Amino acid sequence: MSEEDSDYGDCSDDEMDDDDDDDVYGDYYKHEEVEMENKKDDPEYFEFQLLKVEDVDRLLNENVEALSRAINVTPSLAKVLLHSHKWSVQDVIDLHKKDSLKLLVDSRVLPSVKCTERVLSRNFICSVCMQPSLADALCGVSCGHRFCRECWQMHFQVQIQNGVSTELECMGKDCNVLMPEDFVLSIVTNPRLRDKYQEYGFQDHVKSHPELRFCPGPNCPVVIRAPVDKAKRVVCDQCKTCFCFHCGLEYHAPTGCETIKRWLTKCADDSETANYISAHTKDCPKCNVCIEKNGGCNHMQCAKCKHDFCWMCLGDWKNHGSEYYECSRYKENPNIANESAHAQAREALKKYLFYFERWENHAKSLKLEEQAMKKIRARIEEKVMDSSGTWIDWQYLLDSAMLLKKCRYTLQYTYPYAYYLEKGSRKELFEYQQATLEAEVENLSWKVERAEITDRGVRVG
Amino acid sequence: MANIATARIKREFKEVVKSEEVAKCNIKLELKNDSFTELRGEIAGPPDTPYEGGNFILDIQIPATYPFNPPVVKFVTKIWHPNISSVTGAVCLDILKDQWWVTSVFDYICLSFQALLAAPEPDDPQDAVVANQYKESKDEFKNTARHWTYAYAGRPTASAEYDSKVEQLKNMGFDEHKARVALSTKHWIVEQAMEHILS
Ligand SMILES: [Zn+2]
Ligand SMILES: [Zn+2]
Ligand SMILES: [Zn+2]
Ligand SMILES: [Zn+2]
Ligand SMILES: [Zn+2]
Ligand SMILES: [Zn+2]
C-alpha cells in the first residue's frame, strides 16, 4: 500500500511541474502552495487528506478485517462494533478483553434479554403477518426472534427507503438488536435496494468515523480525513469549497462552531427585518449625490465633492484612523436595564442590525473584491505581455489582493463572535483588535484599488 | 404485499373481540369497507382533561405496507389540541413510531391517542397557534379546548361566556366555525377576532 501511495504522490508532482510551463498562473498557485506547506507555524495550519470513495472503503475494510481477526467475529459484526465505537479497533479489543458479553450487549449485537418465546410453541406462525409458516422458513439473528422472510424483506424495504441502514433493528417486541450486514443482504434481493442500503451504510460509517468528513460542496464525492477533529479550515481541491472540519459550515474563525450556528439561524429567522439594509447605494453625507458602491473598500470618496466618508456609518473618514476607529464597535445604551420591555426589544433589534450590517457588508465587499481580483489578473497579464515588468514584478499586487481577501473573510466572521461576547474586558480587547484590523483592511483595500487606477493613468499618459 | 396488511387486520379484528384490554380502553373500531383499508374509530376523551365527556371520531387508513408502516389517523371531529391540526384534523405522532409493528391498530389508537389527549406535546406541534396558547396560557387553552369539546364532540356542559361570544359574532353574520376559530386564536377578544376574520 505504502509503495502505491508514494508512486501516486510522485506522479502528481510531475504533473504540476508540467503545468507550470504552459500556465501563467501555475507559478502563482504553486508559490502559494509551497508557502502553505512551510507554514506549520501558521496558527491556521491544519493537516488533512482528500480521499476518494474507494480510499475510504479500503480504510474502513482494513479496520473491519483487523478487528474480525483479532476477536474472531464475522466482518459484519465487526462493522457493527466499530460503528458504535468511533472506528477504534484498539478500544473494541480492550473492551472485548474486559467483558465481551457487556461489549456485545452494549453494541446491540446481542439482546439484553434473550427472546423467550419458542418458535415451535407459536404454531409456526410469523407474529408480524400472522401467517402460518414452516418452522425452518422463519429466520432471525442472535436475539432469537424469528419471522418469515417476506416480513423481514418488507421491513427492510420500508426502513431502507426511509434512509435507515446501520440502525436497522429487529422486529421483535422491545428488541433493539441491530441487523448485521450479512443478514440484511441475505434477505434483500432487489439490486437497487441493496445499493441504497450500502450507500446509506457508507454515509453512516463516514459520519461515525471521527477522522472523516464528507465535503459539504454540492454533489462533491470527496471525503476529508484529518488526524484531529478541530474547528479548522479545510479546502476541497475538487470543488474548492472551504469549510470548517469540525462542523462542516463555511470556515468561521474566530467565531466558534456553536456560535456561528446560532448566528446563521438568527440571520435566517430575521432575514425580513434585515432586508432593508441590502441597499447598494447610499447618499453622500455632504452633497447628497447618490453613490453606488462598486469596490470592496469602505473608505468612500464622493466623485462630485471629493468628501471622504465611511460607507458603514457615513461618518467622516478622517475619524477612522486606527486610533479612533469606532465604526466596528456597538455602543450599548448603559441604562437599558431600566427601560421598558418595548424599548429593550427595540434596543436588541438595533444591536443585532448593527452587527448584521457589518457582517453582511464584508460578505458583499468580498464578492466585489473577487471581481477586482479578476481585473487585476487581466491587468497584470496585459502588462507582462506589453513587457512592462515581469510577472514577478507585479506579484506584489496579487499578493496584497489575496491577503486582503483573507483578512476580510476573517473580519466578517469577527462580528458574530463580538455579537455574542459578554460585556467586559475580553470584549473590549477583542473589539480593539477588531477595530485595528478593520482600519488596516480598509487602508489596504483603498491602496489596492487605487494602485490599479494609478497605473492605468500612467499608461494612458 | 397488501395481502400481509389484509391478513393482519383480519386477524387483529378476530383477536380484539376476545381482548379485555380494548374494553377498558373506551375505543370503538369498525371496518368502513370490505377491503380492510379504511377504519372508523371512536375514542372517549380521557377523564380530567378538557376532552372529558367528548366523543371523537377518527378516520384510519391502513397503508398497503401495513404493518411495516403505521396506520394514518385523522380526527374527523374538530378538536383544539397542540398536536392535532384544528383545520384538517391531521396528527403528528412520533410515539411508537419505531416499534409499532408489534402492536395492533387497537393498541396503537388506545395507547398513543389516549396518551396524546391526556398529555399534549407542545414542543412538537402540529398546530402552532394552539401550541403557543398551550405554552403561554394553560388556562385559556383548557377553557378553549373544553369549549370545542362541547361544540363538536358532544360534551354536555358549556362555558356561557365563550358561547355568548360565538353567538354575538354569528348574529353579525359570520360563519359559526370561523367565528369560533378566530375567537380561539385571538384570546376570546371579540374585536380582535372580528379583525382576524376580516383580514
Ligand atoms: Zn411474516
Ligand atoms: Zn430481536
Ligand atoms: Zn468538494
Ligand atoms: Zn465549525
Ligand atoms: Zn459628495
Ligand atoms: Zn465608519
# chains A, B, ... in the order shown; residues from 1 in each chain; ligands from 1
$ residues_near_ligand --ligand "ligand 2" --cutoff "12 Å" --atoms "only C-alpha atoms and all ligand atoms" --output "NGL selection string"
(:A and (108-117 or 139-147 or 152 or 168-179)) or (:B and (99 or 102))
$ write_last_selection --atoms "C-alpha atoms" --output "tab-separated table (two decimals), in the first residue's frame"
chain	number	residue	atom	x	y	z
A	108	ARG	CA	-26.69	-4.19	20.32
A	109	VAL	CA	-25.15	-7.27	18.75
A	110	LEU	CA	-26.70	-9.42	21.46
A	111	PRO	CA	-30.06	-8.69	23.16
A	112	SER	CA	-30.14	-7.55	26.77
A	113	VAL	CA	-32.88	-10.11	27.37
A	114	LYS	CA	-33.00	-13.10	25.09
A	115	CYS	CA	-36.30	-13.88	23.40
A	116	THR	CA	-38.10	-16.47	25.49
A	117	GLU	CA	-40.89	-17.23	23.07
A	139	CYS	CA	-35.36	-16.68	10.39
A	140	GLY	CA	-33.65	-14.07	12.50
A	141	VAL	CA	-30.45	-13.21	14.35
A	142	SER	CA	-28.83	-13.62	17.78
A	143	CYS	CA	-31.84	-12.43	19.80
A	144	GLY	CA	-33.94	-15.47	18.92
A	145	HIS	CA	-36.83	-13.55	17.32
A	146	ARG	CA	-37.98	-15.43	14.23
A	147	PHE	CA	-40.10	-14.04	11.41
A	152	TRP	CA	-38.16	-9.25	7.05
A	168	LEU	CA	-31.94	-1.38	11.13
A	169	GLU	CA	-33.43	-3.16	14.14
A	170	CYS	CA	-35.09	-6.48	14.85
A	171	MET	CA	-38.90	-6.61	14.62
A	172	GLY	CA	-39.27	-8.32	17.98
A	173	LYS	CA	-41.21	-6.60	20.76
A	174	ASP	CA	-38.89	-4.25	22.68
A	175	CYS	CA	-35.92	-5.75	20.85
A	176	ASN	CA	-33.27	-3.28	19.73
A	177	VAL	CA	-30.71	-5.72	18.32
A	178	LEU	CA	-29.11	-4.33	15.16
A	179	MET	CA	-29.26	-6.24	11.92
B	99	GLN	CA	-41.83	-0.28	17.31
B	102	VAL	CA	-45.54	-5.38	17.31
$ residues_around --residues "Asn288 (chain A)" --least-positions-apart "3" --cutoff "12 Å" --atoms "only C-alpha atoms" --output "VMD selection string"
chain A and resid 281 to 285 291 302 to 305 307 314
$ write_last_selection --atoms "N, CA and C atoms" --output "tab-separated table (two decimals), in the first residue's frame"
chain	number	residue	atom	x	y	z
A	281	THR	N	-26.80	51.37	-2.81
A	281	THR	CA	-26.49	52.80	-2.98
A	281	THR	C	-26.78	53.55	-1.69
A	282	LYS	N	-26.01	54.59	-1.45
A	282	LYS	CA	-26.26	55.49	-0.34
A	282	LYS	C	-26.01	56.91	-0.84
A	283	ASP	N	-26.46	57.90	-0.06
A	283	ASP	CA	-26.23	59.28	-0.48
A	283	ASP	C	-24.99	59.83	0.20
A	284	CYS	N	-24.22	60.64	-0.54
A	284	CYS	CA	-23.06	61.28	0.06
A	284	CYS	C	-23.54	62.16	1.20
A	285	PRO	N	-22.96	61.99	2.41
A	285	PRO	CA	-23.43	62.75	3.56
A	285	PRO	C	-23.21	64.26	3.41
A	291	ILE	N	-24.51	57.58	-4.43
A	291	ILE	CA	-23.25	56.90	-4.72
A	291	ILE	C	-23.46	55.39	-4.69
A	302	CYS	N	-16.50	60.71	-2.51
A	302	CYS	CA	-17.56	61.18	-3.39
A	302	CYS	C	-16.91	61.74	-4.66
A	303	ALA	N	-17.38	61.25	-5.81
A	303	ALA	CA	-16.81	61.67	-7.09
A	303	ALA	C	-17.09	63.15	-7.33
A	304	LYS	N	-18.16	63.65	-6.74
A	304	LYS	CA	-18.55	65.03	-7.02
A	304	LYS	C	-17.83	66.02	-6.10
A	305	CYS	N	-17.97	65.84	-4.77
A	305	CYS	CA	-17.42	66.85	-3.85
A	305	CYS	C	-16.11	66.39	-3.20
A	307	HIS	N	-15.55	64.42	-0.91
A	307	HIS	CA	-15.63	64.18	0.53
A	307	HIS	C	-15.27	62.72	0.82
A	314	LEU	N	-21.33	56.34	7.54
A	314	LEU	CA	-21.46	57.62	6.85
A	314	LEU	C	-20.72	58.75	7.56
$ residues_near_ligand --ligand "ligand 1" --cutoff "9 Å" --atoms "only C-alpha atoms and all ligand atoms" --output "list in words"
Ile125, Cys126, Ser127, Val128, Cys129, Met130, Gln131, Pro132, Ser133, Leu138, Phe147, Cys148, Arg149, Glu150, Cys151 and Trp152 of chain A; Ile4 of chain B
$ write_last_selection --atoms "all heavy atoms" --output "compact mmCIF listing (two decimals), in the first residue's frame"
# COMPACT_ATOMS: atom_id res chain seq x y z
N ILE A 125 -46.25 -19.75 13.43
CA ILE A 125 -46.89 -18.55 12.88
C ILE A 125 -45.95 -17.36 13.02
O ILE A 125 -45.39 -17.12 14.10
CB ILE A 125 -48.24 -18.27 13.58
CG1 ILE A 125 -49.29 -19.18 12.94
CG2 ILE A 125 -48.65 -16.82 13.44
CD1 ILE A 125 -50.66 -18.98 13.48
N CYS A 126 -45.76 -16.64 11.93
CA CYS A 126 -44.96 -15.43 11.98
C CYS A 126 -45.82 -14.37 12.64
O CYS A 126 -46.92 -14.08 12.18
CB CYS A 126 -44.55 -15.01 10.57
SG CYS A 126 -44.00 -13.30 10.46
N SER A 127 -45.34 -13.77 13.73
CA SER A 127 -46.21 -12.90 14.51
C SER A 127 -46.42 -11.53 13.87
O SER A 127 -47.22 -10.74 14.35
CB SER A 127 -45.66 -12.74 15.93
OG SER A 127 -44.43 -12.08 15.87
N VAL A 128 -45.69 -11.22 12.80
CA VAL A 128 -45.94 -9.94 12.14
C VAL A 128 -47.08 -10.07 11.13
O VAL A 128 -48.03 -9.30 11.14
CB VAL A 128 -44.66 -9.40 11.46
CG1 VAL A 128 -44.98 -8.22 10.57
CG2 VAL A 128 -43.66 -8.98 12.52
N CYS A 129 -47.01 -11.07 10.25
CA CYS A 129 -48.07 -11.20 9.24
C CYS A 129 -49.16 -12.16 9.70
O CYS A 129 -50.22 -12.24 9.09
CB CYS A 129 -47.49 -11.65 7.91
SG CYS A 129 -46.69 -13.25 7.98
N MET A 130 -48.89 -12.88 10.78
CA MET A 130 -49.84 -13.83 11.34
C MET A 130 -50.21 -14.93 10.36
O MET A 130 -51.31 -15.45 10.36
CB MET A 130 -51.10 -13.11 11.83
CG MET A 130 -50.76 -12.07 12.89
SD MET A 130 -52.22 -11.41 13.61
CE MET A 130 -51.54 -10.35 14.85
N GLN A 131 -49.28 -15.25 9.48
CA GLN A 131 -49.49 -16.33 8.51
C GLN A 131 -48.78 -17.58 9.02
O GLN A 131 -47.69 -17.49 9.58
CB GLN A 131 -48.87 -15.96 7.16
CG GLN A 131 -49.41 -14.71 6.53
CD GLN A 131 -50.75 -14.91 5.88
OE1 GLN A 131 -51.26 -16.02 5.83
NE2 GLN A 131 -51.34 -13.83 5.40
N PRO A 132 -49.40 -18.73 8.81
CA PRO A 132 -48.72 -19.97 9.16
C PRO A 132 -47.51 -20.16 8.25
O PRO A 132 -47.51 -19.70 7.11
CB PRO A 132 -49.77 -21.06 8.89
CG PRO A 132 -50.78 -20.42 8.03
CD PRO A 132 -50.73 -18.94 8.25
N SER A 133 -46.49 -20.77 8.78
CA SER A 133 -45.27 -20.91 8.02
C SER A 133 -44.54 -22.15 8.47
O SER A 133 -44.75 -22.63 9.58
CB SER A 133 -44.42 -19.67 8.24
OG SER A 133 -43.26 -19.73 7.48
N LEU A 138 -38.77 -19.63 8.96
CA LEU A 138 -38.65 -18.43 9.80
C LEU A 138 -37.17 -18.21 10.09
O LEU A 138 -36.41 -19.16 10.29
CB LEU A 138 -39.42 -18.63 11.11
CG LEU A 138 -40.91 -18.88 10.96
CD1 LEU A 138 -41.55 -19.08 12.33
CD2 LEU A 138 -41.60 -17.73 10.24
N PHE A 147 -38.99 -14.48 12.26
CA PHE A 147 -40.10 -14.04 11.41
C PHE A 147 -39.91 -14.61 10.02
O PHE A 147 -38.82 -15.06 9.66
CB PHE A 147 -40.14 -12.50 11.35
CG PHE A 147 -40.22 -11.85 12.70
CD1 PHE A 147 -39.08 -11.37 13.33
CD2 PHE A 147 -41.44 -11.74 13.36
CE1 PHE A 147 -39.14 -10.79 14.59
CE2 PHE A 147 -41.51 -11.16 14.63
CZ PHE A 147 -40.35 -10.68 15.24
N CYS A 148 -40.97 -14.53 9.21
CA CYS A 148 -40.85 -15.09 7.87
C CYS A 148 -40.04 -14.15 6.97
O CYS A 148 -39.95 -12.95 7.22
CB CYS A 148 -42.22 -15.39 7.26
SG CYS A 148 -43.13 -13.93 6.72
N ARG A 149 -39.45 -14.72 5.93
CA ARG A 149 -38.58 -13.93 5.05
C ARG A 149 -39.33 -12.77 4.43
O ARG A 149 -38.79 -11.68 4.23
CB ARG A 149 -38.02 -14.81 3.94
CG ARG A 149 -37.01 -15.85 4.42
CD ARG A 149 -36.47 -16.62 3.23
NE ARG A 149 -35.50 -15.83 2.49
CZ ARG A 149 -34.19 -15.81 2.80
NH1 ARG A 149 -33.73 -16.52 3.79
NH2 ARG A 149 -33.37 -15.07 2.08
N GLU A 150 -40.60 -13.00 4.10
CA GLU A 150 -41.39 -11.98 3.44
C GLU A 150 -41.53 -10.74 4.35
O GLU A 150 -41.44 -9.61 3.89
CB GLU A 150 -42.76 -12.55 3.08
CG GLU A 150 -43.39 -11.87 1.89
CD GLU A 150 -44.75 -12.47 1.56
OE1 GLU A 150 -45.26 -13.30 2.35
OE2 GLU A 150 -45.29 -12.09 0.52
N CYS A 151 -41.72 -10.99 5.63
CA CYS A 151 -41.87 -9.88 6.57
C CYS A 151 -40.54 -9.14 6.78
O CYS A 151 -40.50 -7.91 6.80
CB CYS A 151 -42.43 -10.36 7.91
SG CYS A 151 -44.20 -10.65 7.84
N TRP A 152 -39.47 -9.90 6.93
CA TRP A 152 -38.16 -9.25 7.05
C TRP A 152 -37.91 -8.38 5.83
O TRP A 152 -37.47 -7.22 5.95
CB TRP A 152 -37.04 -10.31 7.11
CG TRP A 152 -36.79 -10.91 8.45
CD1 TRP A 152 -36.88 -12.23 8.76
CD2 TRP A 152 -36.40 -10.23 9.66
NE1 TRP A 152 -36.57 -12.42 10.08
CE2 TRP A 152 -36.27 -11.22 10.66
CE3 TRP A 152 -36.16 -8.89 10.00
CZ2 TRP A 152 -35.90 -10.93 11.97
CZ3 TRP A 152 -35.78 -8.59 11.30
CH2 TRP A 152 -35.66 -9.60 12.27
N ILE B 4 -50.42 -9.12 3.16
CA ILE B 4 -49.96 -9.12 4.55
C ILE B 4 -50.82 -8.17 5.37
O ILE B 4 -51.31 -8.53 6.44
CB ILE B 4 -48.47 -8.71 4.67
CG1 ILE B 4 -47.57 -9.73 3.97
CG2 ILE B 4 -48.06 -8.61 6.14
CD1 ILE B 4 -46.09 -9.48 4.16
$ residues_around --residues "Ala160 (chain B)" --least-positions-apart "3" --cutoff "12 Å" --atoms "only C-alpha atoms" --output "list in words"
Asn143, Arg146, His147, Tyr150, Thr157, Asp163, Ser164, Lys165, Val166 and Glu167 of chain B
$ write_last_selection --atoms "all heavy atoms" --output "PDB file, in the first residue's frame"
ATOM      1  N   ASN B 143     -59.752  26.097  28.717  1.00  0.00           N
ATOM      2  CA  ASN B 143     -61.119  26.563  28.508  1.00  0.00           C
ATOM      3  C   ASN B 143     -61.514  26.467  27.043  1.00  0.00           C
ATOM      4  O   ASN B 143     -62.636  26.075  26.721  1.00  0.00           O
ATOM      5  CB  ASN B 143     -61.260  28.009  29.000  1.00  0.00           C
ATOM      6  CG  ASN B 143     -61.167  28.073  30.518  1.00  0.00           C
ATOM      7  OD1 ASN B 143     -61.509  27.100  31.208  1.00  0.00           O
ATOM      8  ND2 ASN B 143     -60.674  29.192  31.042  1.00  0.00           N
ATOM      9  N   ARG B 146     -61.999  22.832  26.077  1.00  0.00           N
ATOM     10  CA  ARG B 146     -63.256  22.364  26.666  1.00  0.00           C
ATOM     11  C   ARG B 146     -64.439  22.866  25.841  1.00  0.00           C
ATOM     12  O   ARG B 146     -65.373  22.133  25.555  1.00  0.00           O
ATOM     13  CB  ARG B 146     -63.352  22.891  28.107  1.00  0.00           C
ATOM     14  CG  ARG B 146     -64.023  21.926  29.058  1.00  0.00           C
ATOM     15  CD  ARG B 146     -63.935  22.420  30.485  1.00  0.00           C
ATOM     16  NE  ARG B 146     -62.690  22.036  31.134  1.00  0.00           N
ATOM     17  CZ  ARG B 146     -61.956  22.851  31.889  1.00  0.00           C
ATOM     18  NH1 ARG B 146     -62.318  24.108  32.065  1.00  0.00           N
ATOM     19  NH2 ARG B 146     -60.848  22.409  32.450  1.00  0.00           N
ATOM     20  N   HIS B 147     -64.346  24.132  25.426  1.00  0.00           N
ATOM     21  CA  HIS B 147     -65.418  24.707  24.624  1.00  0.00           C
ATOM     22  C   HIS B 147     -65.571  23.953  23.298  1.00  0.00           C
ATOM     23  O   HIS B 147     -66.680  23.691  22.844  1.00  0.00           O
ATOM     24  CB  HIS B 147     -65.134  26.192  24.367  1.00  0.00           C
ATOM     25  CG  HIS B 147     -66.111  26.829  23.435  1.00  0.00           C
ATOM     26  ND1 HIS B 147     -67.359  27.233  23.848  1.00  0.00           N
ATOM     27  CD2 HIS B 147     -66.040  27.080  22.111  1.00  0.00           C
ATOM     28  CE1 HIS B 147     -68.021  27.725  22.809  1.00  0.00           C
ATOM     29  NE2 HIS B 147     -67.242  27.649  21.734  1.00  0.00           N
ATOM     30  N   TYR B 150     -67.269  20.728  23.777  1.00  0.00           N
ATOM     31  CA  TYR B 150     -68.714  20.951  23.888  1.00  0.00           C
ATOM     32  C   TYR B 150     -69.336  21.175  22.502  1.00  0.00           C
ATOM     33  O   TYR B 150     -70.337  20.577  22.140  1.00  0.00           O
ATOM     34  CB  TYR B 150     -68.983  22.156  24.798  1.00  0.00           C
ATOM     35  CG  TYR B 150     -70.279  22.855  24.530  1.00  0.00           C
ATOM     36  CD1 TYR B 150     -71.495  22.286  24.965  1.00  0.00           C
ATOM     37  CD2 TYR B 150     -70.321  24.060  23.829  1.00  0.00           C
ATOM     38  CE1 TYR B 150     -72.693  22.913  24.698  1.00  0.00           C
ATOM     39  CE2 TYR B 150     -71.520  24.683  23.563  1.00  0.00           C
ATOM     40  CZ  TYR B 150     -72.705  24.106  23.990  1.00  0.00           C
ATOM     41  OH  TYR B 150     -73.894  24.728  23.719  1.00  0.00           O
ATOM     42  N   THR B 157     -71.788  20.108  29.010  1.00  0.00           N
ATOM     43  CA  THR B 157     -71.827  21.463  29.565  1.00  0.00           C
ATOM     44  C   THR B 157     -70.974  22.427  28.758  1.00  0.00           C
ATOM     45  O   THR B 157     -70.008  22.034  28.115  1.00  0.00           O
ATOM     46  CB  THR B 157     -71.306  21.470  31.021  1.00  0.00           C
ATOM     47  OG1 THR B 157     -70.082  20.728  31.041  1.00  0.00           O
ATOM     48  CG2 THR B 157     -72.304  20.869  31.962  1.00  0.00           C
ATOM     49  N   ASP B 163     -69.671  30.871  24.796  1.00  0.00           N
ATOM     50  CA  ASP B 163     -70.830  30.599  23.970  1.00  0.00           C
ATOM     51  C   ASP B 163     -71.482  31.878  23.473  1.00  0.00           C
ATOM     52  O   ASP B 163     -71.813  32.013  22.298  1.00  0.00           O
ATOM     53  CB  ASP B 163     -71.844  29.841  24.836  1.00  0.00           C
ATOM     54  CG  ASP B 163     -72.295  28.595  24.137  1.00  0.00           C
ATOM     55  OD1 ASP B 163     -71.510  28.098  23.300  1.00  0.00           O
ATOM     56  OD2 ASP B 163     -73.413  28.141  24.422  1.00  0.00           O
ATOM     57  N   SER B 164     -71.620  32.837  24.385  1.00  0.00           N
ATOM     58  CA  SER B 164     -72.317  34.065  24.006  1.00  0.00           C
ATOM     59  C   SER B 164     -71.456  34.875  23.040  1.00  0.00           C
ATOM     60  O   SER B 164     -71.975  35.579  22.175  1.00  0.00           O
ATOM     61  CB  SER B 164     -72.663  34.888  25.243  1.00  0.00           C
ATOM     62  OG  SER B 164     -71.477  35.424  25.795  1.00  0.00           O
ATOM     63  N   LYS B 165     -70.134  34.754  23.157  1.00  0.00           N
ATOM     64  CA  LYS B 165     -69.262  35.487  22.235  1.00  0.00           C
ATOM     65  C   LYS B 165     -69.376  34.919  20.821  1.00  0.00           C
ATOM     66  O   LYS B 165     -69.407  35.667  19.843  1.00  0.00           O
ATOM     67  CB  LYS B 165     -67.817  35.432  22.718  1.00  0.00           C
ATOM     68  CG  LYS B 165     -67.585  36.402  23.872  1.00  0.00           C
ATOM     69  CD  LYS B 165     -66.154  36.404  24.341  1.00  0.00           C
ATOM     70  CE  LYS B 165     -65.981  37.463  25.434  1.00  0.00           C
ATOM     71  NZ  LYS B 165     -64.697  37.347  26.114  1.00  0.00           N
ATOM     72  N   VAL B 166     -69.422  33.586  20.723  1.00  0.00           N
ATOM     73  CA  VAL B 166     -69.603  32.967  19.409  1.00  0.00           C
ATOM     74  C   VAL B 166     -70.948  33.409  18.834  1.00  0.00           C
ATOM     75  O   VAL B 166     -71.053  33.793  17.660  1.00  0.00           O
ATOM     76  CB  VAL B 166     -69.534  31.426  19.502  1.00  0.00           C
ATOM     77  CG1 VAL B 166     -69.858  30.797  18.160  1.00  0.00           C
ATOM     78  CG2 VAL B 166     -68.160  30.976  19.966  1.00  0.00           C
ATOM     79  N   GLU B 167     -71.962  33.388  19.708  1.00  0.00           N
ATOM     80  CA  GLU B 167     -73.314  33.777  19.297  1.00  0.00           C
ATOM     81  C   GLU B 167     -73.318  35.214  18.762  1.00  0.00           C
ATOM     82  O   GLU B 167     -73.898  35.510  17.722  1.00  0.00           O
ATOM     83  CB  GLU B 167     -74.237  33.652  20.518  1.00  0.00           C
ATOM     84  CG  GLU B 167     -75.707  33.525  20.194  1.00  0.00           C
ATOM     85  CD  GLU B 167     -76.020  32.274  19.357  1.00  0.00           C
ATOM     86  OE1 GLU B 167     -75.255  31.264  19.440  1.00  0.00           O
ATOM     87  OE2 GLU B 167     -76.997  32.308  18.607  1.00  0.00           O
TER      88      GLU B 167
END
$ atom_distance --atom1 "CA of Ala78 (chain A)" --atom2 "CA of Lys207 (chain A)"
17.0 Å
$ residues_near_ligand --ligand "ligand 6" --cutoff "10 Å" --atoms "only C-alpha atoms and all ligand atoms" --output "list in words"
Asn298, His299, Phe309, Cys310, Trp311, Met312, Cys313, Leu314, Gly315, Asp316, Trp317, Lys318, Asn319, His320, Tyr325, Glu326, Cys327, Ser328, Arg329, Glu438 and Ala439 of chain A
$ residues_around --residues "Val441 (chain A)" --least-positions-apart "3" --cutoff "10 Å" --atoms "only C-alpha atoms" --output "MDAnalysis selection string"
chainID A and resid 297:298 403:408 411 435:438 444:447
$ residues_near_ligand --ligand "ligand 4" --cutoff "8 Å" --atoms "only C-alpha atoms and all ligand atoms" --output "PyMOL selection string"
chain A and resi 231-232+243-252+256-258+260
$ residues_near_ligand --ligand "ligand 3" --cutoff "6 Å" --atoms "only C-alpha atoms and all ligand atoms" --output "PDB file with C-alpha atoms, in the first residue's frame"
ATOM      1  CA  CYS A 215     -17.037  17.596   1.663  1.00  0.00           C
ATOM      2  CA  GLY A 217     -19.755  21.065  -1.558  1.00  0.00           C
ATOM      3  CA  CYS A 220     -18.961  16.521  -4.198  1.00  0.00           C
ATOM      4  CA  VAL A 222     -14.669  13.847  -1.725  1.00  0.00           C
ATOM      5  CA  CYS A 236     -11.546  20.684  -1.092  1.00  0.00           C
ATOM      6  CA  GLN A 238     -12.178  19.220  -6.324  1.00  0.00           C
ATOM      7  CA  CYS A 239     -14.991  21.696  -5.733  1.00  0.00           C
ATOM      8  CA  THR A 241     -15.343  24.527  -1.034  1.00  0.00           C
TER       9      THR A 241
END
$ decode --residues "region 147-158 of chain B" --atoms "N, CA, C and O atoms" --output "tab-separated table (two decimals), in the first residue's frame"
chain	number	residue	atom	x	y	z
B	147	HIS	N	-64.35	24.13	25.43
B	147	HIS	CA	-65.42	24.71	24.62
B	147	HIS	C	-65.57	23.95	23.30
B	147	HIS	O	-66.68	23.69	22.84
B	148	TRP	N	-64.45	23.62	22.67
B	148	TRP	CA	-64.50	22.87	21.40
B	148	TRP	C	-65.10	21.48	21.62
B	148	TRP	O	-65.85	20.97	20.80
B	149	THR	N	-64.74	20.86	22.76
B	149	THR	CA	-65.29	19.54	23.06
B	149	THR	C	-66.82	19.63	23.17
B	149	THR	O	-67.55	18.77	22.71
B	150	TYR	N	-67.27	20.73	23.78
B	150	TYR	CA	-68.71	20.95	23.89
B	150	TYR	C	-69.34	21.17	22.50
B	150	TYR	O	-70.34	20.58	22.14
B	151	ALA	N	-68.66	22.02	21.71
B	151	ALA	CA	-69.26	22.42	20.43
B	151	ALA	C	-69.25	21.29	19.41
B	151	ALA	O	-70.15	21.20	18.58
B	152	TYR	N	-68.22	20.44	19.44
B	152	TYR	CA	-68.08	19.46	18.35
B	152	TYR	C	-68.15	18.00	18.80
B	152	TYR	O	-68.38	17.12	17.99
B	153	ALA	N	-67.82	17.71	20.06
B	153	ALA	CA	-67.69	16.31	20.46
B	153	ALA	C	-68.76	15.87	21.46
B	153	ALA	O	-68.64	14.82	22.08
B	154	GLY	N	-69.77	16.70	21.62
B	154	GLY	CA	-70.91	16.26	22.41
B	154	GLY	C	-70.75	16.34	23.92
B	154	GLY	O	-71.44	15.66	24.65
B	155	ARG	N	-69.83	17.20	24.38
B	155	ARG	CA	-69.72	17.38	25.83
B	155	ARG	C	-70.96	18.12	26.30
B	155	ARG	O	-71.39	19.10	25.68
B	156	PRO	N	-71.57	17.65	27.43
B	156	PRO	CA	-72.85	18.24	27.81
B	156	PRO	C	-72.81	19.69	28.28
B	156	PRO	O	-73.71	20.45	27.97
B	157	THR	N	-71.79	20.11	29.01
B	157	THR	CA	-71.83	21.46	29.57
B	157	THR	C	-70.97	22.43	28.76
B	157	THR	O	-70.01	22.03	28.12
B	158	ALA	N	-71.34	23.69	28.84
B	158	ALA	CA	-70.64	24.70	28.06
B	158	ALA	C	-70.24	25.87	28.92
B	158	ALA	O	-70.74	26.04	30.02
